[in-house]
Structure formats: structure tokens, C-alpha cells
>>> print(open('data.pdb').read())   # PDB, C-alpha atoms
MODEL        1
ATOM      1  CA  MET V 293      -6.002  29.893 -70.816  1.00  0.00           C
ATOM      2  CA  LYS V 294      -5.642  32.611 -68.185  1.00  0.00           C
ATOM      3  CA  LYS V 295      -9.402  32.707 -67.679  1.00  0.00           C
ATOM      4  CA  ALA V 296      -9.521  28.899 -67.377  1.00  0.00           C
ATOM      5  CA  ASN V 297      -6.773  28.945 -64.738  1.00  0.00           C
ATOM      6  CA  GLN V 298      -8.585  31.639 -62.771  1.00  0.00           C
ATOM      7  CA  THR V 299     -11.789  29.612 -62.920  1.00  0.00           C
ATOM      8  CA  LEU V 300      -9.938  26.536 -61.633  1.00  0.00           C
ATOM      9  CA  ILE V 301      -8.441  28.521 -58.750  1.00  0.00           C
ATOM     10  CA  ASP V 302     -11.849  29.949 -57.890  1.00  0.00           C
ATOM     11  CA  ASP V 303     -13.352  26.451 -57.861  1.00  0.00           C
ATOM     12  CA  LEU V 304     -10.614  25.162 -55.554  1.00  0.00           C
ATOM     13  CA  THR V 305     -10.839  28.021 -53.080  1.00  0.00           C
ATOM     14  CA  GLN V 306     -14.540  28.767 -52.950  1.00  0.00           C
ATOM     15  CA  ASP V 307     -15.150  26.461 -49.957  1.00  0.00           C
ATOM     16  CA  LEU V 308     -12.108  27.557 -47.982  1.00  0.00           C
ATOM     17  CA  GLN V 309     -12.749  29.299 -44.684  1.00  0.00           C
ATOM     18  CA  PRO V 310     -10.264  31.276 -42.582  1.00  0.00           C
ATOM     19  CA  ILE V 311      -9.231  29.599 -39.337  1.00  0.00           C
ATOM     20  CA  ARG V 312      -7.680  30.851 -36.168  1.00  0.00           C
ATOM     21  CA  PRO V 313      -3.936  30.243 -35.905  1.00  0.00           C
ATOM     22  CA  VAL V 314      -2.818  27.579 -33.441  1.00  0.00           C
ATOM     23  CA  ARG V 315      -0.734  29.606 -30.998  1.00  0.00           C
ATOM     24  CA  ALA V 316       1.398  27.814 -28.422  1.00  0.00           C
ATOM     25  CA  SER V 317       0.638  30.497 -25.840  1.00  0.00           C
ATOM     26  CA  HIS V 318      -3.057  29.660 -26.085  1.00  0.00           C
ATOM     27  CA  GLY V 319      -2.302  25.980 -25.621  1.00  0.00           C
ATOM     28  CA  ALA V 320      -0.224  26.757 -22.546  1.00  0.00           C
ATOM     29  CA  LEU V 321      -3.204  28.590 -21.069  1.00  0.00           C
ATOM     30  CA  TRP V 322      -5.416  25.601 -21.807  1.00  0.00           C
ATOM     31  CA  VAL V 323      -3.047  23.305 -19.939  1.00  0.00           C
ATOM     32  CA  ALA V 324      -2.696  25.728 -17.039  1.00  0.00           C
ATOM     33  CA  GLY V 325      -6.478  25.859 -16.813  1.00  0.00           C
ATOM     34  CA  ALA V 326      -6.684  22.061 -16.858  1.00  0.00           C
ATOM     35  CA  GLY V 327      -4.127  21.860 -14.058  1.00  0.00           C
ATOM     36  CA  LEU V 328      -6.011  24.362 -11.913  1.00  0.00           C
ATOM     37  CA  VAL V 329      -9.311  22.574 -12.503  1.00  0.00           C
ATOM     38  CA  THR V 330      -7.685  19.279 -11.518  1.00  0.00           C
ATOM     39  CA  ILE V 331      -6.303  20.752  -8.297  1.00  0.00           C
ATOM     40  CA  ALA V 332      -9.680  22.326  -7.497  1.00  0.00           C
ATOM     41  CA  LEU V 333     -11.374  18.969  -8.094  1.00  0.00           C
ATOM     42  CA  VAL V 334      -8.952  17.248  -5.715  1.00  0.00           C
ATOM     43  CA  ALA V 335      -9.615  19.916  -3.087  1.00  0.00           C
ATOM     44  CA  LEU V 336     -13.378  19.581  -3.541  1.00  0.00           C
ATOM     45  CA  LEU V 337     -13.556  15.793  -3.528  1.00  0.00           C
ATOM     46  CA  LEU V 338     -10.736  14.854  -1.153  1.00  0.00           C
ATOM     47  CA  GLY V 339      -9.447  17.994   0.539  1.00  0.00           C
ATOM     48  CA  PHE V 340      -5.778  18.787   0.969  1.00  0.00           C
ATOM     49  CA  SER V 341      -3.734  16.794   3.459  1.00  0.00           C
ATOM     50  CA  GLU V 342      -2.766  18.233   6.833  1.00  0.00           C
ATOM     51  CA  GLY V 343       0.851  18.339   5.722  1.00  0.00           C
ATOM     52  CA  VAL V 344      -0.096  20.624   2.842  1.00  0.00           C
ATOM     53  CA  ASN V 345      -2.453  22.811   4.846  1.00  0.00           C
ATOM     54  CA  SER V 346       0.107  23.382   7.592  1.00  0.00           C
ATOM     55  CA  ALA V 347       3.190  23.189   5.338  1.00  0.00           C
ATOM     56  CA  THR V 348       4.610  20.475   7.604  1.00  0.00           C
ATOM     57  CA  ALA V 349       4.933  17.697   5.019  1.00  0.00           C
ATOM     58  CA  SER V 350       8.311  15.995   4.730  1.00  0.00           C
ATOM     59  CA  PRO V 351      11.034  17.318   2.407  1.00  0.00           C
ATOM     60  CA  PHE V 352      10.504  14.187   0.286  1.00  0.00           C
ATOM     61  CA  PHE V 353       6.942  15.335  -0.354  1.00  0.00           C
ATOM     62  CA  PHE V 354       7.959  18.748  -1.663  1.00  0.00           C
ATOM     63  CA  ILE V 355      10.863  17.401  -3.717  1.00  0.00           C
ATOM     64  CA  THR V 356       8.842  14.624  -5.357  1.00  0.00           C
ATOM     65  CA  ASN V 357       5.801  16.755  -6.105  1.00  0.00           C
ATOM     66  CA  GLY V 358       7.956  19.630  -7.294  1.00  0.00           C
ATOM     67  CA  LEU V 359       9.666  17.342  -9.802  1.00  0.00           C
ATOM     68  CA  LEU V 360       6.317  15.901 -10.891  1.00  0.00           C
ATOM     69  CA  ALA V 361       5.010  19.409 -11.526  1.00  0.00           C
ATOM     70  CA  ALA V 362       8.158  20.278 -13.498  1.00  0.00           C
ATOM     71  CA  LEU V 363       7.871  17.131 -15.609  1.00  0.00           C
ATOM     72  CA  GLY V 364       4.175  17.756 -16.244  1.00  0.00           C
ATOM     73  CA  GLY V 365       4.826  21.320 -17.328  1.00  0.00           C
ATOM     74  CA  ALA V 366       7.754  20.396 -19.569  1.00  0.00           C
ATOM     75  CA  ALA V 367       5.892  17.558 -21.261  1.00  0.00           C
ATOM     76  CA  ALA V 368       2.738  19.616 -21.721  1.00  0.00           C
ATOM     77  CA  TRP V 369       4.669  22.510 -23.271  1.00  0.00           C
ATOM     78  CA  THR V 370       6.353  20.127 -25.696  1.00  0.00           C
ATOM     79  CA  VAL V 371       2.977  18.655 -26.691  1.00  0.00           C
ATOM     80  CA  VAL V 372       1.499  22.119 -27.186  1.00  0.00           C
ATOM     81  CA  ARG V 373       4.348  23.038 -29.521  1.00  0.00           C
ATOM     82  CA  MET V 374       3.992  19.773 -31.433  1.00  0.00           C
ATOM     83  CA  ALA V 375       0.615  20.913 -32.748  1.00  0.00           C
ATOM     84  CA  ASN V 376       2.568  23.223 -35.076  1.00  0.00           C
ATOM     85  CA  PRO V 377       4.952  21.229 -37.298  1.00  0.00           C
ATOM     86  CA  GLN V 378       8.271  23.036 -37.292  1.00  0.00           C
ATOM     87  CA  VAL V 379      11.973  22.457 -37.133  1.00  0.00           C
ATOM     88  CA  GLY V 380      13.224  22.574 -33.558  1.00  0.00           C
ATOM     89  CA  ASN V 381      10.369  20.876 -31.712  1.00  0.00           C
ATOM     90  CA  SER V 382      12.301  19.066 -28.994  1.00  0.00           C
ATOM     91  CA  ALA V 383      11.463  16.777 -26.116  1.00  0.00           C
ATOM     92  CA  GLY V 384      14.706  17.755 -24.388  1.00  0.00           C
ATOM     93  CA  PRO V 385      13.094  19.414 -21.325  1.00  0.00           C
ATOM     94  CA  THR V 386      10.833  16.392 -20.846  1.00  0.00           C
ATOM     95  CA  LEU V 387      13.772  13.998 -21.123  1.00  0.00           C
ATOM     96  CA  TRP V 388      15.845  15.848 -18.538  1.00  0.00           C
ATOM     97  CA  SER V 389      12.866  16.225 -16.185  1.00  0.00           C
ATOM     98  CA  THR V 390      12.170  12.492 -16.488  1.00  0.00           C
ATOM     99  CA  LEU V 391      15.784  11.566 -15.778  1.00  0.00           C
ATOM    100  CA  ILE V 392      15.865  13.798 -12.703  1.00  0.00           C
ATOM    101  CA  LEU V 393      12.540  12.423 -11.440  1.00  0.00           C
ATOM    102  CA  ALA V 394      13.778   8.856 -12.005  1.00  0.00           C
ATOM    103  CA  ILE V 395      16.459   9.443  -9.378  1.00  0.00           C
ATOM    104  CA  ILE V 396      13.782   9.392  -6.664  1.00  0.00           C
ATOM    105  CA  PRO V 397      12.269   5.931  -7.301  1.00  0.00           C
ATOM    106  CA  ALA V 398      15.724   4.547  -8.062  1.00  0.00           C
ATOM    107  CA  SER V 399      17.023   5.865  -4.718  1.00  0.00           C
ATOM    108  CA  ALA V 400      14.004   4.513  -2.865  1.00  0.00           C
ATOM    109  CA  ILE V 401      14.308   1.063  -4.404  1.00  0.00           C
ATOM    110  CA  ILE V 402      18.037   0.832  -3.669  1.00  0.00           C
ATOM    111  CA  THR V 403      17.631   2.124  -0.113  1.00  0.00           C
ATOM    112  CA  GLN V 404      14.755  -0.204   0.713  1.00  0.00           C
ATOM    113  CA  ALA V 405      16.505  -3.181  -0.891  1.00  0.00           C
ATOM    114  CA  VAL V 406      19.636  -2.591   1.193  1.00  0.00           C
ATOM    115  CA  HIS V 407      17.585  -2.390   4.390  1.00  0.00           C
ATOM    116  CA  GLY V 408      15.286  -5.266   3.479  1.00  0.00           C
ATOM    117  CA  GLY V 409      12.167  -3.132   3.238  1.00  0.00           C
ATOM    118  CA  LEU V 410      11.362  -3.572  -0.434  1.00  0.00           C
ATOM    119  CA  GLY V 411       8.617  -6.097   0.250  1.00  0.00           C
ATOM    120  CA  GLU V 412       6.920  -3.622   2.594  1.00  0.00           C
ATOM    121  CA  VAL V 413       6.839  -1.002  -0.133  1.00  0.00           C
ATOM    122  CA  MET V 414       5.304  -3.411  -2.629  1.00  0.00           C
ATOM    123  CA  THR V 415       2.570  -4.374  -0.157  1.00  0.00           C
ATOM    124  CA  ASP V 416       1.722  -0.784   0.797  1.00  0.00           C
ATOM    125  CA  GLU V 417      -2.036  -0.954   1.461  1.00  0.00           C
ATOM    126  CA  HIS V 418      -2.542   2.584   0.167  1.00  0.00           C
ATOM    127  CA  GLY V 419      -0.139   2.336  -2.752  1.00  0.00           C
ATOM    128  CA  LEU V 420      -2.397   0.988  -5.497  1.00  0.00           C
ATOM    129  CA  ASP V 421      -5.195   3.392  -4.582  1.00  0.00           C
ATOM    130  CA  CYS V 422      -2.799   6.347  -4.845  1.00  0.00           C
ATOM    131  CA  ALA V 423      -1.529   5.151  -8.223  1.00  0.00           C
ATOM    132  CA  LEU V 424      -5.048   4.701  -9.577  1.00  0.00           C
ATOM    133  CA  GLN V 425      -6.267   8.064  -8.336  1.00  0.00           C
ATOM    134  CA  GLY V 426      -3.183   9.838  -9.640  1.00  0.00           C
ATOM    135  CA  THR V 427      -3.880   8.281 -13.032  1.00  0.00           C
ATOM    136  CA  ALA V 428      -7.577   9.162 -12.943  1.00  0.00           C
ATOM    137  CA  PHE V 429      -6.930  12.815 -12.131  1.00  0.00           C
ATOM    138  CA  GLY V 430      -4.749  13.035 -15.225  1.00  0.00           C
ATOM    139  CA  ILE V 431      -7.758  12.575 -17.516  1.00  0.00           C
ATOM    140  CA  ILE V 432      -8.538  16.307 -17.614  1.00  0.00           C
ATOM    141  CA  THR V 433      -5.059  17.237 -18.823  1.00  0.00           C
ATOM    142  CA  ALA V 434      -5.058  14.374 -21.326  1.00  0.00           C
ATOM    143  CA  ALA V 435      -8.407  15.479 -22.771  1.00  0.00           C
ATOM    144  CA  VAL V 436      -7.270  19.092 -23.146  1.00  0.00           C
ATOM    145  CA  LEU V 437      -4.035  18.098 -24.877  1.00  0.00           C
ATOM    146  CA  ILE V 438      -5.836  15.713 -27.235  1.00  0.00           C
ATOM    147  CA  VAL V 439      -8.290  18.447 -28.254  1.00  0.00           C
ATOM    148  CA  TRP V 440      -5.364  20.828 -28.750  1.00  0.00           C
ATOM    149  CA  LEU V 441      -3.456  18.363 -30.929  1.00  0.00           C
ATOM    150  CA  ARG V 442      -6.544  17.774 -33.054  1.00  0.00           C
ATOM    151  CA  ARG V 443      -6.579  21.485 -33.844  1.00  0.00           C
ATOM    152  CA  GLY V 444      -3.046  21.284 -35.199  1.00  0.00           C
ATOM    153  CA  ALA V 445      -0.987  18.850 -37.234  1.00  0.00           C
ATOM    154  CA  PRO V 446       1.549  16.917 -35.141  1.00  0.00           C
ATOM    155  CA  VAL V 447       4.122  15.141 -37.275  1.00  0.00           C
ATOM    156  CA  SER V 448       5.027  12.249 -34.956  1.00  0.00           C
ATOM    157  CA  LEU V 449       1.823  10.808 -33.533  1.00  0.00           C
ATOM    158  CA  PRO V 450       3.523   8.190 -31.294  1.00  0.00           C
ATOM    159  CA  ALA V 451       5.751  10.866 -29.748  1.00  0.00           C
ATOM    160  CA  ALA V 452       2.783  13.191 -29.266  1.00  0.00           C
ATOM    161  CA  GLY V 453       0.848  10.376 -27.597  1.00  0.00           C
ATOM    162  CA  THR V 454       3.692   9.407 -25.290  1.00  0.00           C
ATOM    163  CA  LEU V 455       4.332  12.985 -24.210  1.00  0.00           C
ATOM    164  CA  THR V 456       0.606  13.557 -23.691  1.00  0.00           C
ATOM    165  CA  GLY V 457       0.675  10.593 -21.314  1.00  0.00           C
ATOM    166  CA  PHE V 458       3.732  11.946 -19.514  1.00  0.00           C
ATOM    167  CA  ALA V 459       2.034  15.314 -19.013  1.00  0.00           C
ATOM    168  CA  ALA V 460      -1.299  13.861 -17.922  1.00  0.00           C
ATOM    169  CA  GLY V 461       0.235  11.357 -15.516  1.00  0.00           C
ATOM    170  CA  ALA V 462       2.595  13.872 -13.934  1.00  0.00           C
ATOM    171  CA  ILE V 463      -0.014  16.608 -13.497  1.00  0.00           C
ATOM    172  CA  GLY V 464      -2.658  14.148 -12.308  1.00  0.00           C
ATOM    173  CA  THR V 465      -0.491  12.501  -9.674  1.00  0.00           C
ATOM    174  CA  PHE V 466       0.884  15.890  -8.580  1.00  0.00           C
ATOM    175  CA  ALA V 467      -2.651  17.167  -8.013  1.00  0.00           C
ATOM    176  CA  TYR V 468      -3.729  14.028  -6.164  1.00  0.00           C
ATOM    177  CA  GLY V 469      -0.542  14.158  -4.096  1.00  0.00           C
ATOM    178  CA  LEU V 470      -1.833  17.320  -2.439  1.00  0.00           C
ATOM    179  CA  ALA V 471      -4.514  15.162  -0.774  1.00  0.00           C
ATOM    180  CA  CYS V 472      -2.390  12.137   0.089  1.00  0.00           C
ATOM    181  CA  PRO V 473      -1.491  12.053   3.820  1.00  0.00           C
ATOM    182  CA  ILE V 474       1.505   9.737   3.330  1.00  0.00           C
ATOM    183  CA  ASP V 475       4.739  11.637   2.747  1.00  0.00           C
ATOM    184  CA  THR V 476       7.418   8.967   3.124  1.00  0.00           C
ATOM    185  CA  LEU V 477      10.017   8.555   0.399  1.00  0.00           C
ATOM    186  CA  PRO V 478       9.215   4.917  -0.497  1.00  0.00           C
ATOM    187  CA  HIS V 479       5.503   5.629  -0.897  1.00  0.00           C
ATOM    188  CA  LEU V 480       5.971   8.794  -2.940  1.00  0.00           C
ATOM    189  CA  ALA V 481       8.804   7.405  -5.035  1.00  0.00           C
ATOM    190  CA  ILE V 482       6.961   4.271  -6.125  1.00  0.00           C
ATOM    191  CA  TRP V 483       3.224   4.829  -6.011  1.00  0.00           C
ATOM    192  CA  HIS V 484       3.127   8.507  -6.934  1.00  0.00           C
ATOM    193  CA  CYS V 485       5.612   8.155  -9.782  1.00  0.00           C
ATOM    194  CA  LEU V 486       4.030   5.000 -11.201  1.00  0.00           C
ATOM    195  CA  PRO V 487       1.149   6.875 -12.924  1.00  0.00           C
ATOM    196  CA  VAL V 488       3.670   8.824 -15.022  1.00  0.00           C
ATOM    197  CA  GLY V 489       5.085   5.724 -16.667  1.00  0.00           C
ATOM    198  CA  PHE V 490       1.695   4.031 -16.967  1.00  0.00           C
ATOM    199  CA  CYS V 491       0.059   7.054 -18.597  1.00  0.00           C
ATOM    200  CA  ALA V 492       3.008   7.501 -20.978  1.00  0.00           C
ATOM    201  CA  LEU V 493       2.628   3.889 -22.117  1.00  0.00           C
ATOM    202  CA  LEU V 494      -1.132   4.261 -22.418  1.00  0.00           C
ATOM    203  CA  GLY V 495      -0.749   7.507 -24.349  1.00  0.00           C
ATOM    204  CA  ARG V 496       1.725   5.906 -26.765  1.00  0.00           C
ATOM    205  CA  PHE V 497      -0.913   3.451 -27.994  1.00  0.00           C
ATOM    206  CA  ALA V 498      -4.238   5.190 -27.309  1.00  0.00           C
ATOM    207  CA  VAL V 499      -3.673   8.819 -28.267  1.00  0.00           C
ATOM    208  CA  PRO V 500      -2.414   8.535 -31.905  1.00  0.00           C
ATOM    209  CA  GLY V 501      -5.744   7.132 -33.055  1.00  0.00           C
ATOM    210  CA  LEU V 502      -7.554  10.068 -31.441  1.00  0.00           C
ATOM    211  CA  ILE V 503      -5.462  12.775 -33.122  1.00  0.00           C
ATOM    212  CA  ARG V 504      -4.803  11.179 -36.515  1.00  0.00           C
ATOM    213  CA  TRP V 505      -5.391  13.600 -39.384  1.00  0.00           C
TER     214      TRP V 505
ENDMDL
END
>>> encode(input="data.pdb", output="C-alpha cells")
Amino acid sequence: MKKANQTLIDDLTQDLQPIRPVRASHGALWVAGAGLVTIALVALLLGFSEGVNSATASPFFFITNGLLAALGGAAAWTVVRMANPQVGNSAGPTLWSTLILAIIPASAIITQAVHGGLGEVMTDEHGLDCALQGTAFGIITAAVLIVWLRRGAPVSLPAAGTLTGFAAGAIGTFAYGLACPIDTLPHLAIWHCLPVGFCALLGRFAVPGLIRW
């Protein structure tokens, strides 16, 4: 019986191969690399705006883009950790970053509505282009996070997809924002934050099928 059991174990394990552990620190480096590549691509294709080059952009520009960078980093770190199923994986930092960022578009909408300028914001001739480019530049981060998740075993695929979208949208629109010459609060609050929500929604439905195991 002992020999039969040993033979069965040998048969089950003969095709097993050692694999590299999925370390969160490695994933963080992947995301950092994706962010740097995205910024370099923006600089190469579009160039940085004068406000960035001379550090004369409005305070709204630095506040909005700083919060976008924080949200992108928080969401990406959560996604990286989700590749390893474990107790304690939390989207808390992403939630708080999102709530803080949401203050900006909410403030812009209220302010413009009170002063009758909401229609002007919605008809911003550069707005849709900024939203589309911010979304497009998030593709690099999304691809890196999807590859990373496929190496691991995320438990909640919808959550992983949504957070992947949050990270990609925030990092993409942050990178593109370095080239955008418009630094007014209404423009930044609406058209530069829009890609975050759109990418999160897209990630919720598109990413799970790409990382299913």
C-alpha cells in the first residue's frame, strides 16, 4: 500500500515545475515602470505644457493632478496585492482617494451651476479630446496590471477589474494632464476626472474575462 501511494504521488507531481513567487514589490515596480513610460510617451508625442515647464500652472492644476496621481497609485497597489489571495486585501486607500478626488468635480459643478456657467463647461471644445486622450494613455497601465493579475490568483474578479480601471484611468489622465495647456478648475474637474470613472466602468466588465483562471 505504501509503495502504491508513493507511486500515485510521483505520478501527480512528475509534471510540476517550480514557479517564481508573485511578490507585490515586483508588481509595484511594474506599475511604476508603466507610469514612467506613459509620461515619457506623452512628452515625446505631445510635449509638456508651458505651465508645467515653467511651474506656473494654476493651483487647481497641481491639486487635481496630485490627487489623480494619488488615486492611481493607491488603486494600482491594491490591484497588485490582489494577485495574492490573502486576508486583509483592502480597497480602503482607493476608496478614500476617490472620495477626496470627487470633491473637485463636485465643487466645480456646484460653483458653475450657481454662476450659470455649467453649459459652458459641457460645451468645452477641448473637453472631449482631453477625456479621450486621458483614457487612451491609461492603456499601458491597464495592460501591465492585467498581465500581473494573470500571474496570480485574484479572488474577486469584478473588484480587480474595477480597480484596474481606476488605476489605469487615473494614471493615464494624470500623464496626459502634463501636456494639457488648460488649467482652469472646471476643465480639470470634469474632463480630466471623467476618464477615471469611465475606465473603472470599462474595467469592471472587460477585465474579468481577461484574468479568469
>>> atom_distance(input="data.pdb", atom1="CA of Thr433 in chain V", atom2="CA of Ser317 in chain V")
16.0 Å
>>> resolve_selection(input="data.pdb", expression="the PyMOL selection byres ((chain V and resi 500) around 9)", output="MDAnalysis selection string")
chainID V and resid 448:453 495:499 501:504
>>> closest_residue(input="data.pdb", among="V:Ala316, V:Ala462, V:Val329, V:Cys472", to="Ala361 in chain V", atoms="only C-alpha atoms")
V:Ala462
>>> residues_around(input="data.pdb", residues="Phe490 in chain V", least_positions_apart="2", cutoff="10 Å", atoms="only C-alpha atoms", output="list of chain:residue names")
V:Ala423, V:Thr427, V:Gly457, V:Phe458, V:Gly461, V:Cys485, V:Leu486, V:Pro487, V:Val488, V:Ala492, V:Leu493, V:Leu494, V:Gly495, V:Arg496
>>> resolve_selection(input="data.pdb", expression="the PyMOL selection byres ((chain V and resi 352) around 12)", output="PyMOL selection string")
chain V and resi 343+348-351+353-359+396-397+399-400+469+474-481+484
>>> closest_residue(input="data.pdb", among="V:Gly327, V:Gly426, V:Pro473, V:Gly319", to="Leu441 in chain V", atoms="all atoms listed in the file")
V:Gly319
>>> residues_around(input="data.pdb", residues="range 321-326 of chain V", least_positions_apart="3", cutoff="10 Å", atoms="only C-alpha atoms", output="JSON list (two decimals) with C-alpha atoms, in the coordinates of the input")
[["chain", "number", "residue", "atom", "x", "y", "z"],
["V", 316, "ALA", "CA", 1.40, 27.81, -28.42],
["V", 317, "SER", "CA", 0.64, 30.50, -25.84],
["V", 318, "HIS", "CA", -3.06, 29.66, -26.08],
["V", 329, "VAL", "CA", -9.31, 22.57, -12.50],
["V", 330, "THR", "CA", -7.68, 19.28, -11.52],
["V", 331, "ILE", "CA", -6.30, 20.75, -8.30],
["V", 332, "ALA", "CA", -9.68, 22.33, -7.50],
["V", 364, "GLY", "CA", 4.18, 17.76, -16.24],
["V", 365, "GLY", "CA", 4.83, 21.32, -17.33],
["V", 368, "ALA", "CA", 2.74, 19.62, -21.72],
["V", 369, "TRP", "CA", 4.67, 22.51, -23.27],
["V", 372, "VAL", "CA", 1.50, 22.12, -27.19],
["V", 430, "GLY", "CA", -4.75, 13.04, -15.22],
["V", 431, "ILE", "CA", -7.76, 12.58, -17.52],
["V", 432, "ILE", "CA", -8.54, 16.31, -17.61],
["V", 433, "THR", "CA", -5.06, 17.24, -18.82],
["V", 434, "ALA", "CA", -5.06, 14.37, -21.33],
["V", 435, "ALA", "CA", -8.41, 15.48, -22.77],
["V", 436, "VAL", "CA", -7.27, 19.09, -23.15],
["V", 437, "LEU", "CA", -4.04, 18.10, -24.88],
["V", 440, "TRP", "CA", -5.36, 20.83, -28.75],
["V", 459, "ALA", "CA", 2.03, 15.31, -19.01],
["V", 460, "ALA", "CA", -1.30, 13.86, -17.92],
["V", 463, "ILE", "CA", -0.01, 16.61, -13.50],
["V", 464, "GLY", "CA", -2.66, 14.15, -12.31]]
>>> resolve_selection(input="data.pdb", expression="the PyMOL selection byres ((chain V and resi 446) around 7)", output="ChimeraX atom specification")
/V:374-377,441,444-445,447-449
>>> axis_aligned_box(input="data.pdb", around="range 477-496 of chain V", padding_each_side="8 Å", output="lines of an AutoDock Vina configuration file")
center_x = 4.4
center_y = 6.4
center_z = -13.2
size_x = 27.1
size_y = 20.9
size_z = 43.2
>>> atom_distance(input="data.pdb", atom1="CA of Thr403 in chain V", atom2="CA of Gly419 in chain V")
18.0 Å
>>> closest_residue(input="data.pdb", among="V:Ala467, V:Leu336, V:Leu328, V:Leu363", to="Ala428 in chain V", atoms="all atoms listed in the file")
V:Ala467
>>> residues_around(input="data.pdb", residues="Leu338 in chain V", least_positions_apart="4", cutoff="10 Å", atoms="all atoms listed in the file", output="ChimeraX atom specification")
/V:332-334,468,470-472
>>> atom_distance(input="data.pdb", atom1="CA of Trp483 in chain V", atom2="CA of Cys422 in chain V")
6.3 Å
>>> closest_residue(input="data.pdb", among="V:Leu420, V:Val371, V:Ile482, V:Cys491", to="Ile395 in chain V", atoms="all atoms listed in the file")
V:Ile482
>>> decode(input="data.pdb", residues="range 360-375 of chain V", atoms="N, CA, C and O atoms", output="mmCIF file, in the first residue's frame")
data_model
loop_
_atom_site.group_PDB
_atom_site.id
_atom_site.type_symbol
_atom_site.label_atom_id
_atom_site.label_comp_id
_atom_site.auth_asym_id
_atom_site.auth_seq_id
_atom_site.Cartn_x
_atom_site.Cartn_y
_atom_site.Cartn_z
ATOM 1 N N LEU V 360 -5.066 62.860 -8.659
ATOM 2 C CA LEU V 360 -5.143 61.796 -9.658
ATOM 3 C C LEU V 360 -3.977 60.823 -9.514
ATOM 4 O O LEU V 360 -4.151 59.600 -9.604
ATOM 5 N N ALA V 361 -2.793 61.363 -9.282
ATOM 6 C CA ALA V 361 -1.617 60.508 -9.091
ATOM 7 C C ALA V 361 -1.772 59.654 -7.834
ATOM 8 O O ALA V 361 -1.442 58.460 -7.831
ATOM 9 N N ALA V 362 -2.302 60.256 -6.765
ATOM 10 C CA ALA V 362 -2.504 59.512 -5.516
ATOM 11 C C ALA V 362 -3.522 58.396 -5.700
ATOM 12 O O ALA V 362 -3.327 57.264 -5.229
ATOM 13 N N LEU V 363 -4.617 58.698 -6.400
ATOM 14 C CA LEU V 363 -5.633 57.682 -6.657
ATOM 15 C C LEU V 363 -5.067 56.567 -7.522
ATOM 16 O O LEU V 363 -5.301 55.381 -7.251
ATOM 17 N N GLY V 364 -4.321 56.929 -8.567
ATOM 18 C CA GLY V 364 -3.726 55.912 -9.430
ATOM 19 C C GLY V 364 -2.787 55.002 -8.674
ATOM 20 O O GLY V 364 -2.812 53.777 -8.836
ATOM 21 N N GLY V 365 -1.958 55.591 -7.815
ATOM 22 C CA GLY V 365 -1.025 54.783 -7.037
ATOM 23 C C GLY V 365 -1.732 53.881 -6.046
ATOM 24 O O GLY V 365 -1.376 52.698 -5.899
ATOM 25 N N ALA V 366 -2.751 54.407 -5.367
ATOM 26 C CA ALA V 366 -3.481 53.614 -4.381
ATOM 27 C C ALA V 366 -4.213 52.453 -5.039
ATOM 28 O O ALA V 366 -4.183 51.307 -4.552
ATOM 29 N N ALA V 367 -4.883 52.729 -6.151
ATOM 30 C CA ALA V 367 -5.619 51.680 -6.847
ATOM 31 C C ALA V 367 -4.672 50.624 -7.410
ATOM 32 O O ALA V 367 -4.934 49.415 -7.317
ATOM 33 N N ALA V 368 -3.568 51.066 -7.989
ATOM 34 C CA ALA V 368 -2.613 50.122 -8.560
ATOM 35 C C ALA V 368 -2.014 49.221 -7.483
ATOM 36 O O ALA V 368 -1.855 48.001 -7.687
ATOM 37 N N TRP V 369 -1.678 49.783 -6.332
ATOM 38 C CA TRP V 369 -1.118 48.991 -5.244
ATOM 39 C C TRP V 369 -2.116 47.953 -4.746
ATOM 40 O O TRP V 369 -1.758 46.811 -4.458
ATOM 41 N N THR V 370 -3.382 48.339 -4.683
ATOM 42 C CA THR V 370 -4.417 47.393 -4.267
ATOM 43 C C THR V 370 -4.535 46.256 -5.272
ATOM 44 O O THR V 370 -4.653 45.086 -4.900
ATOM 45 N N VAL V 371 -4.506 46.583 -6.563
ATOM 46 C CA VAL V 371 -4.586 45.553 -7.604
ATOM 47 C C VAL V 371 -3.390 44.615 -7.521
ATOM 48 O O VAL V 371 -3.528 43.390 -7.633
ATOM 49 N N VAL V 372 -2.208 45.170 -7.337
ATOM 50 C CA VAL V 372 -1.002 44.350 -7.237
ATOM 51 C C VAL V 372 -1.127 43.351 -6.096
ATOM 52 O O VAL V 372 -0.787 42.164 -6.230
ATOM 53 N N ARG V 373 -1.641 43.797 -4.964
ATOM 54 C CA ARG V 373 -1.798 42.914 -3.814
ATOM 55 C C ARG V 373 -2.892 41.872 -4.037
ATOM 56 O O ARG V 373 -2.859 40.786 -3.457
ATOM 57 N N MET V 374 -3.867 42.199 -4.865
ATOM 58 C CA MET V 374 -4.965 41.262 -5.113
ATOM 59 C C MET V 374 -4.528 40.026 -5.881
ATOM 60 O O MET V 374 -5.253 39.028 -5.921
ATOM 61 N N ALA V 375 -3.356 40.079 -6.504
ATOM 62 C CA ALA V 375 -2.866 38.901 -7.222
ATOM 63 C C ALA V 375 -2.552 37.763 -6.265
ATOM 64 O O ALA V 375 -2.522 36.593 -6.659
#
